[in-house]
Each structure stands twice: as C-alpha cells, then as structure tokens.
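start03.txt, holding compact mmCIF, C-alpha atoms:
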```txt
# COMPACT_ATOMS: atom_id res chain seq x y z
CA MET A 1 136.83 78.64 58.60
CA VAL A 2 140.10 77.19 57.32
CA THR A 3 143.45 78.97 57.11
CA SER A 4 146.88 77.60 56.24
CA THR A 5 147.49 76.71 59.90
CA ARG A 6 144.12 76.57 61.61
CA LEU A 7 140.64 75.11 61.45
CA VAL A 8 138.05 77.19 63.33
CA MET A 9 134.53 75.97 64.15
CA ARG A 10 131.95 78.38 65.57
CA SER A 11 128.33 77.91 66.53
CA PRO A 12 125.71 80.00 68.36
CA TYR A 13 124.29 78.58 71.57
CA ASN A 14 120.97 76.69 71.51
CA THR A 15 121.18 75.41 67.95
CA ALA A 16 120.28 71.92 66.81
CA GLU A 17 124.00 71.08 66.68
CA THR A 18 124.74 72.06 70.30
CA THR A 19 123.74 70.24 73.46
CA SER A 20 123.18 71.38 77.03
CA GLU A 21 125.05 69.21 79.51
CA GLU A 22 125.84 69.31 83.21
CA VAL A 23 129.45 68.67 84.20
CA ASP A 24 130.07 68.35 87.94
CA GLY A 25 127.00 70.46 88.67
CA VAL A 26 127.85 73.20 86.15
CA SER A 27 125.62 73.78 83.13
CA MET A 28 127.57 73.72 79.87
CA GLU A 29 126.75 74.32 76.23
CA VAL A 30 128.69 71.79 74.16
CA PHE A 31 129.46 71.75 70.44
CA ARG A 32 130.95 68.58 68.88
CA VAL A 33 132.03 68.15 65.26
CA SER A 34 134.09 65.71 63.17
CA ALA A 35 136.39 67.13 60.51
CA TYR A 36 137.34 64.89 57.56
CA TYR A 37 140.53 65.56 55.63
CA LYS A 38 142.76 63.91 53.06
CA ALA A 39 145.95 62.38 54.42
CA PRO A 40 148.81 60.48 52.72
CA HIS A 41 147.45 57.19 54.04
CA GLY A 42 143.85 57.95 53.13
CA LEU A 43 140.96 59.81 54.74
CA GLY A 44 141.58 61.26 58.18
CA VAL A 45 139.03 62.16 60.83
CA LEU A 46 139.54 64.75 63.59
CA ASP A 47 137.00 64.98 66.40
CA LEU A 48 136.62 68.47 67.87
CA ALA A 49 134.66 69.79 70.82
CA ALA A 50 133.97 73.15 72.43
CA ALA A 51 132.38 73.60 75.85
CA CYS A 52 131.25 76.91 77.32
CA PRO A 53 129.78 77.29 80.82
CA THR A 54 126.31 78.77 81.14
CA GLY A 55 126.07 78.38 84.93
CA GLY A 56 128.20 77.78 87.99
CA VAL A 57 127.87 81.26 89.51
CA LEU A 58 127.06 81.83 93.19
CA PHE A 59 126.56 85.11 95.09
CA THR A 60 127.36 85.05 98.81
CA ASN A 61 128.15 87.96 101.14
CA ASN A 62 128.87 90.38 98.28
CA VAL A 63 131.28 87.93 96.65
CA ILE A 64 130.85 86.40 93.18
CA SER A 65 132.04 82.77 93.01
CA TRP A 66 132.42 81.34 89.52
CA HIS A 67 132.81 77.55 89.39
CA VAL A 68 134.21 75.83 86.30
CA PRO A 69 134.57 72.01 86.15
CA ARG A 70 138.11 70.86 86.93
CA ARG A 71 137.55 67.82 84.70
CA MET A 72 136.13 69.26 81.50
CA THR A 73 134.88 65.90 80.20
CA PRO A 74 133.78 67.19 76.79
CA LEU A 75 137.42 68.21 76.21
CA VAL A 76 139.60 66.02 78.43
CA ASP A 77 139.37 62.21 78.61
CA GLY A 78 141.17 59.91 81.03
CA SER A 79 143.66 61.02 83.64
CA PHE A 80 145.23 64.47 83.40
CA GLU A 81 147.06 67.15 85.30
CA ILE A 82 146.62 70.93 85.36
CA ARG A 83 149.82 72.49 84.06
CA GLU A 84 148.76 76.15 84.18
CA MET A 85 145.84 78.13 85.54
CA HIS A 86 145.30 81.88 85.14
CA MET A 87 142.50 84.36 85.61
CA GLY A 88 141.89 87.69 83.93
CA ILE A 89 139.32 90.42 83.36
CA ASN A 90 137.88 91.55 80.02
CA GLY A 91 140.25 89.24 78.15
CA ARG A 92 143.39 90.50 79.88
CA ARG A 93 145.38 88.15 82.12
CA LEU A 94 146.19 89.35 85.65
CA ASP A 95 149.27 88.46 87.62
CA GLY A 96 149.32 87.54 91.31
CA SER A 97 149.95 91.05 92.59
CA GLN A 98 147.12 92.50 90.50
CA MET A 99 144.74 89.83 91.77
CA ALA A 100 145.74 90.42 95.39
CA ALA A 101 145.28 94.19 95.05
CA ARG A 102 141.74 93.66 93.79
CA GLY A 103 140.83 90.91 96.24
CA TYR A 104 140.48 88.21 93.56
CA THR A 105 141.25 84.57 94.22
CA LEU A 106 141.80 81.60 91.91
CA SER A 107 141.72 78.13 93.44
CA ALA A 108 140.93 74.52 92.62
CA THR A 109 139.11 71.75 94.47
CA ASP A 110 138.72 68.10 93.50
CA PHE A 111 135.82 69.04 91.23
CA HIS A 112 136.00 72.74 90.35
CA ILE A 113 138.24 75.64 89.47
CA ILE A 114 136.89 78.64 91.39
CA ILE A 115 137.31 82.36 90.74
CA GLU A 116 136.09 84.75 93.46
CA ILE A 117 135.48 88.44 92.81
CA PRO A 118 134.17 90.97 95.36
CA VAL A 119 131.09 92.85 94.23
CA GLY A 120 132.20 96.41 93.46
CA SER A 121 135.72 95.59 92.28
CA PRO A 122 137.13 98.28 89.96
CA ASP A 123 137.10 96.02 86.89
CA GLY A 124 133.30 95.85 86.78
CA HIS A 125 130.55 98.44 86.73
CA TYR A 126 127.14 99.09 88.24
CA LYS A 127 123.85 99.61 86.40
CA SER A 128 120.64 101.09 87.78
CA HIS A 129 117.19 99.51 87.51
CA ALA A 130 113.74 100.54 88.69
CA PRO A 131 111.31 97.61 88.81
CA ASP A 132 107.98 98.57 90.42
CA TYR A 133 109.32 102.13 90.92
CA GLN A 134 111.92 100.95 93.42
CA TYR A 135 115.58 101.74 92.98
CA HIS A 136 117.87 98.75 92.43
CA PHE A 137 121.27 98.18 90.91
CA THR A 138 123.24 95.29 89.49
CA TYR A 139 127.01 94.77 89.26
CA ILE A 140 128.47 93.50 85.98
CA VAL A 141 131.93 92.01 85.46
CA GLU A 142 133.56 89.75 82.85
CA PRO A 143 136.18 87.39 84.30
CA MET A 144 138.39 85.19 82.14
CA LEU A 145 139.79 81.75 82.92
CA GLU A 146 142.74 80.10 81.17
CA VAL A 147 143.65 76.47 81.86
CA LEU A 148 146.26 74.17 80.35
CA TRP A 149 145.63 70.44 80.89
CA ARG A 150 148.09 67.64 80.01
CA THR A 151 146.80 64.12 79.52
CA LYS A 152 148.92 61.53 81.32
CA VAL A 153 148.66 58.82 78.68
CA THR A 154 149.11 60.66 75.36
CA ARG A 155 150.91 63.67 76.92
CA ASP A 156 148.73 65.99 74.85
CA ASP A 157 148.33 69.58 75.98
CA ILE A 158 144.81 71.00 75.89
CA GLY A 159 144.43 74.74 76.27
CA TYR A 160 141.17 76.32 77.35
CA LYS A 161 140.19 79.99 77.53
CA VAL A 162 136.75 81.30 78.39
CA LEU A 163 135.34 84.79 79.03
CA PHE A 164 132.17 84.78 81.09
CA PRO A 165 130.07 87.95 81.63
CA ILE A 166 128.40 87.89 85.07
CA THR A 167 125.55 90.08 86.30
CA THR A 168 124.47 89.96 89.94
CA PRO A 169 120.81 89.70 90.91
CA LEU A 170 118.99 92.97 91.58
CA ILE A 171 120.19 94.65 94.78
CA LEU A 172 117.68 96.98 96.45
CA GLN A 173 119.11 100.40 97.25
CA ALA A 174 117.01 102.61 99.51
CA LEU A 175 117.07 106.28 98.59
CA HIS A 176 117.51 108.69 101.47
CA VAL A 177 116.30 112.25 101.83
CA GLN A 178 118.44 114.51 104.00
CA GLU A 179 116.70 117.58 105.38
CA ASN A 180 119.11 120.50 105.73
CA THR A 181 116.59 123.32 106.05
CA VAL A 182 117.47 126.09 108.52
CA PRO A 183 114.33 128.22 109.13
CA GLU A 184 116.35 131.36 109.79
CA SER A 185 117.81 131.22 106.27
CA ARG A 186 114.28 131.05 104.80
CA LEU A 187 115.48 128.43 102.33
CA PHE A 188 114.29 124.85 101.96
CA SER A 189 117.32 122.60 101.50
CA VAL A 190 116.87 118.91 100.66
CA VAL A 191 119.42 116.33 99.44
CA LEU A 192 118.38 113.11 97.66
CA GLY A 193 120.79 110.19 97.31
CA THR A 194 122.72 108.23 96.77
CA LEU A 195 122.36 107.49 93.06
CA LEU A 196 124.56 105.87 90.45
CA HIS A 197 126.08 107.87 87.61
CA ASP A 198 123.50 106.58 85.10
CA VAL A 199 120.55 108.29 86.84
CA VAL A 200 119.58 111.80 85.80
CA LEU A 201 116.97 114.17 87.20
CA ARG A 202 114.39 115.10 84.55
CA ASN A 203 111.91 117.25 86.46
CA ILE A 204 110.41 118.02 89.86
CA THR A 205 106.72 118.11 90.68
CA PHE A 206 105.80 120.80 93.20
CA PHE A 207 102.37 121.67 94.63
CA THR A 208 101.35 123.89 91.72
CA SER A 209 103.54 122.92 88.76
CA VAL A 210 106.00 120.53 87.21
CA LEU A 211 109.37 122.11 86.46
CA THR A 212 112.43 120.85 84.64
CA VAL A 213 115.85 121.39 86.17
CA GLU A 214 116.46 124.30 83.80
CA GLU A 215 113.10 125.91 84.62
CA SER A 216 113.71 125.48 88.35
CA ASN A 217 117.11 127.17 88.20
CA ALA A 218 115.69 129.95 86.04
CA ARG A 219 113.10 130.71 88.72
CA GLY A 220 115.75 131.19 91.38
CA PHE A 221 115.81 127.69 92.81
CA THR A 222 119.14 125.83 93.01
CA ILE A 223 119.22 122.27 91.65
CA GLN A 224 122.66 120.69 91.74
CA GLU A 225 124.36 117.32 91.34
CA HIS A 226 127.09 116.40 93.82
CA ARG A 227 129.47 113.68 92.64
CA HIS A 228 131.25 111.54 95.21
CA SER A 229 134.66 109.87 95.03
CA ASN A 230 133.12 106.37 94.85
CA GLY A 231 131.28 107.17 91.60
CA THR A 232 127.87 107.85 93.14
CA LYS A 233 126.10 111.19 93.31
CA SER A 234 123.41 113.10 95.20
CA ILE A 235 120.97 115.78 94.10
CA SER A 236 120.32 118.88 96.18
CA VAL A 237 117.29 121.16 95.91
CA VAL A 238 117.21 124.64 97.46
CA VAL A 239 113.96 126.65 97.27
CA PRO A 240 113.24 130.04 98.95
CA PHE A 241 110.34 130.15 101.41
CA ASP A 242 108.69 132.95 99.42
CA ALA A 243 108.62 131.04 96.10
CA ASP A 244 105.14 130.72 94.60
CA ILE A 245 105.36 126.92 94.53
CA VAL A 246 105.66 126.81 98.35
CA LEU A 247 102.41 126.10 100.17
CA LYS A 248 101.85 128.52 103.05
CA ASP A 249 99.58 127.83 106.00
CA ALA A 250 98.70 131.17 107.62
CA SER A 251 96.02 130.21 110.12
CA GLU A 252 97.38 132.88 112.41
CA ILE A 253 99.25 135.97 111.33
CA ILE A 254 102.07 135.35 113.74
CA ASP A 255 102.37 131.66 112.87
CA THR A 256 102.92 131.06 109.16
CA LYS A 257 104.05 127.56 108.19
CA CYS A 258 105.67 126.83 104.83
CA HIS A 259 105.46 123.42 103.19
CA LEU A 260 107.42 122.02 100.24
CA VAL A 261 106.72 118.54 98.88
CA PRO A 262 108.85 117.89 95.77
CA ALA A 263 108.45 114.66 93.81
CA TYR A 264 111.42 113.82 91.62
CA LEU A 265 111.22 112.19 88.20
CA LEU A 266 114.48 110.32 87.69
CA CYS A 267 115.48 108.57 84.50
CA ILE A 268 118.05 105.82 83.95
CA SER A 269 120.07 106.90 80.94
CA PHE A 270 120.84 103.55 79.31
CA SER A 271 119.42 101.92 76.20
CA ASP A 272 116.46 100.60 78.18
CA VAL A 273 115.07 103.86 79.58
CA THR A 274 113.37 103.22 82.90
CA GLU A 275 111.71 105.82 85.08
CA LEU A 276 111.49 105.77 88.84
CA PHE A 277 109.85 108.10 91.29
CA THR A 278 110.66 109.13 94.81
CA SER A 279 109.49 112.00 96.97
CA ALA A 280 110.73 114.19 99.76
CA GLU A 281 108.79 116.35 102.20
CA SER A 282 110.05 119.50 103.89
```
Turn the structure described in the file into structure tokens.
Amino acid sequence: MVTSTRLVMRSPYNTAETTSEEVDGVSMEVFRVSAYYKAPHGLGVLDLAAACPTGGVLFTNNVISWHVPRRMTPLVDGSFEIREMHMGINGRRLDGSQMAARGYTLSATDFHIIIEIPVGSPDGHYKSHAPDYQYHFTYIVEPMLEVLWRTKVTRDDIGYKVLFPITTPLILQALHVQENTVPESRLFSVVLGTLLHDVVLRNITFFTSVLTVEESNARGFTIQEHRHSNGTKSISVVVPFDADIVLKDASEIIDTKCHLVPAYLLCISFSDVTELFTSAES
C-alpha cells in the first residue's frame, strides 16, 4: 500500500515469502522485500524487513517472561545503541508508576530485552478449559514492546513496535465441595467451587431425575451463584431432606438416613463449548 508519505508492506505468517529464523534463541518470522522507485538520478532500491517474534516466552513461578532479541539482526546491522525502550498492554504504553503498580518489569541483558508479567495481572483475563473432564484454566495477556535503536555509523533511528498475545499452558484447578449440612435444619447444603466467570451450571443429576436450575428452584430447592471479589464464583445447592429426589435408608424406624448425590453438568460459555462434570456427595 502506498500513500503520499508512506509505503506499507504486509504479509501473513508462513507464506512462501516469509522465513522462520532464530535470533539469539528466539524464533522469529521474517519478511524481506526490495522496493524499486524512480529517483532523479535513476532507479532507486529500498530494502525493507519486518521481524515478528513467535517464541521467547517462559513461564516460571507464576511469572510470564517474554524475551525479545536485543540485537534484532533482520532490522539492525552493525553497532547500535538503544535510545528508548517502553512496554505496554493491549497497544497502550504504560509509564513507570503503572508498571510498578502491576508488578511489571522491563529490562535488558546483553542478548535480550525482557518483559515480566505476573500471572493474574489485571490487564489479562482467565479462560476455562475441561480436557478429559478435568477443570483447567489459562491466563491470556497481550504485552507490547517499543524500542528505538540508533546505528552508530549512519546515525539512523530504527523504531520497532510489536504486540504479542501470550497464553499460559493449562493450569489444573481442583474443584472443592464444601459440606454445610446441619442435620437439625433438615436441609442438605453443598457448595461447589471455585469456578471462573465463564462457567455456568446447566443441570444437576440426582438419584431419580435430571433437573435444570430452573426446575430445581421450582421444586423448592435453592440453587444459587455466589460471586467473589476476585472474579471467581461458587455454586450452592440446598435441598430439603423430604424431597422426593433424596434417597432414604430406613432399615430401622428410629434410624432413617438420607443421602443426596448430585452430579453437576457445567458448561464453559465461550465459542468452543466444552462440558465438564464433577460430583458431590452428602
């Protein structure tokens, strides 16, 4: 694309015109072109290059470390100095106080520029997953890096800006069942949690029937969501002892035991709908 002041070259990754290269241990996708133009002295040639990282991410102790080559050889040749270095989130630059408040760091070694982000920082978000019917989550964040290099021989300034979406590996989250039943109240009370906001309860399987949340509440049970300040939630189920879905063991008249074994069908409400099951016994 050509405007009156700019020439823009764009290419998808993994085309015949792009190459995969490793720069100081970081995988990069590189796009090189030569632009020919008419000049007063004849035909001019301008060599252009774009380099986007596809790797360089490490996860250690709930911290995301993003490594970008300090010497971006597809873009910078010869000796150079870093004139400016900034980080941001979702395309918006952050100042030092904002970074400190979030626990972000931006540093440089002899080989890499490193951005560190704690897992769970407020600029990212969690997503639920349920491989093999086990509850997991991932954390997703999109940091931005801006660098200004100056070559020492030609004194050219080279600006670089890259946004890099990062998703952590699956993190297993055990679901817990809290038993709050008080026999004197003659009410089963069970709490399931904790869950992320993208998980919804679809139905509950009892001994004799499968009931939706609406059907359960209509029959006098109490199914509620409890949202917590950190964005998670729990689900509580309250069922009377005398409900017809409660299994009663009356081997002796004076010793009647009531049993409730609900199995929850939970659904992750994103574009890729995934179901997961868990159960609680009371």
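The smallest atom-to-atom distance between Ala263 in chain A and any of A:Arg202, A:His86, A:His136, A:Lys233, using only C-alpha atoms, is found for A:Arg202.
Minimum atom-to-atom distances from A:Ser216, A:Ser79, A:Thr73, A:Ser185 to Thr154 in chain A were compared using all atoms listed in the file, and the lowest value belongs to A:Ser79.
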task: Would you list the contacts of range 23-28 of chain A as JSON, numbers by chain, taking every protein, DNA or RNA residue within 8 Å and counting only C-alpha atoms, but skipping same-chain residues closer than 4 positions in sequence?
output: {"A": [51, 52, 53, 54, 55, 56, 67, 68, 69, 72, 73, 111, 112]}
Take the point (134.2, 81.1, 92.3) as written in the file and pick out every residue within 9 Å of it, counting only C-alpha atoms; give the list as a PDB file with C-alpha atoms, in the frame of the given file.
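Output (selection_21.pdb):
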```pdb
ATOM      1  CA  GLY A  56     128.200  77.780  87.990  1.00  0.00           C
ATOM      2  CA  VAL A  57     127.870  81.260  89.510  1.00  0.00           C
ATOM      3  CA  LEU A  58     127.060  81.830  93.190  1.00  0.00           C
ATOM      4  CA  VAL A  63     131.280  87.930  96.650  1.00  0.00           C
ATOM      5  CA  ILE A  64     130.850  86.400  93.180  1.00  0.00           C
ATOM      6  CA  SER A  65     132.040  82.770  93.010  1.00  0.00           C
ATOM      7  CA  TRP A  66     132.420  81.340  89.520  1.00  0.00           C
ATOM      8  CA  HIS A  67     132.810  77.550  89.390  1.00  0.00           C
ATOM      9  CA  VAL A  68     134.210  75.830  86.300  1.00  0.00           C
ATOM     10  CA  THR A 105     141.250  84.570  94.220  1.00  0.00           C
ATOM     11  CA  LEU A 106     141.800  81.600  91.910  1.00  0.00           C
ATOM     12  CA  SER A 107     141.720  78.130  93.440  1.00  0.00           C
ATOM     13  CA  HIS A 112     136.000  72.740  90.350  1.00  0.00           C
ATOM     14  CA  ILE A 113     138.240  75.640  89.470  1.00  0.00           C
ATOM     15  CA  ILE A 114     136.890  78.640  91.390  1.00  0.00           C
ATOM     16  CA  ILE A 115     137.310  82.360  90.740  1.00  0.00           C
ATOM     17  CA  GLU A 116     136.090  84.750  93.460  1.00  0.00           C
ATOM     18  CA  ILE A 117     135.480  88.440  92.810  1.00  0.00           C
TER      19      ILE A 117
END
```
field: Spatial neighbours of range 158-173 of chain A, 10 Å, only C-alpha atoms, chain gap at least 5 places, as number ranges by chain
entry: A: 50-55, 57-59, 62-64, 66, 68, 72, 75-76, 80, 82-92, 119, 124-131, 134-151, 193-195
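Of the listed residues A:Asn61, A:Thr5, A:Thr109, A:Ser236, the one whose atoms come nearest to His176 in chain A is A:Ser236, with distances taken using all atoms listed in the file.
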message: I need the residue nearest Phe206 in chain A from this list: A:Val261, A:Leu7, A:Leu48, A:Ile235. Use all atoms listed in the file for the distance.
response: A:Val261
message: If we count all atoms listed in the file and set the cut-off at 10 Å, which residues sit around Arg10 in chain A, ignoring sequence neighbours fewer than 3 positions away in its own chain? Please answer as number ranges by chain.
response: A: 1, 13, 31, 50
message: So, with all atoms listed in the file as the atoms that count, which of A:Ala100, A:Leu46, A:Ala108, A:Val213 lies closest to Arg71 in chain A?
response: A:Ala108
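Taking CA of His197 in chain A and CA of Gly231 in chain A as endpoints, the distance between them is 6.6 Å.
If you look at CA of Glu225 in chain A and CA of Leu260 in chain A, they are 19.7 Å away from each other.
For the pair CA of Val177 in chain A and CA of Val190 in chain A, the separation is 6.8 Å.
When the distance limit is 12 Å and only C-alpha atoms are what count, the residues near Gly44 in chain A, minus those fewer than 6 positions from it on the same chain, are Ser34, Ala35, Tyr36, Tyr37 and Lys38 of chain A.
Checking A:Ser234, A:Gln224, A:Gln98, A:Asn203 one by one against Ser121 in chain A, counting all atoms listed in the file, you find the shortest gap at A:Gln98.
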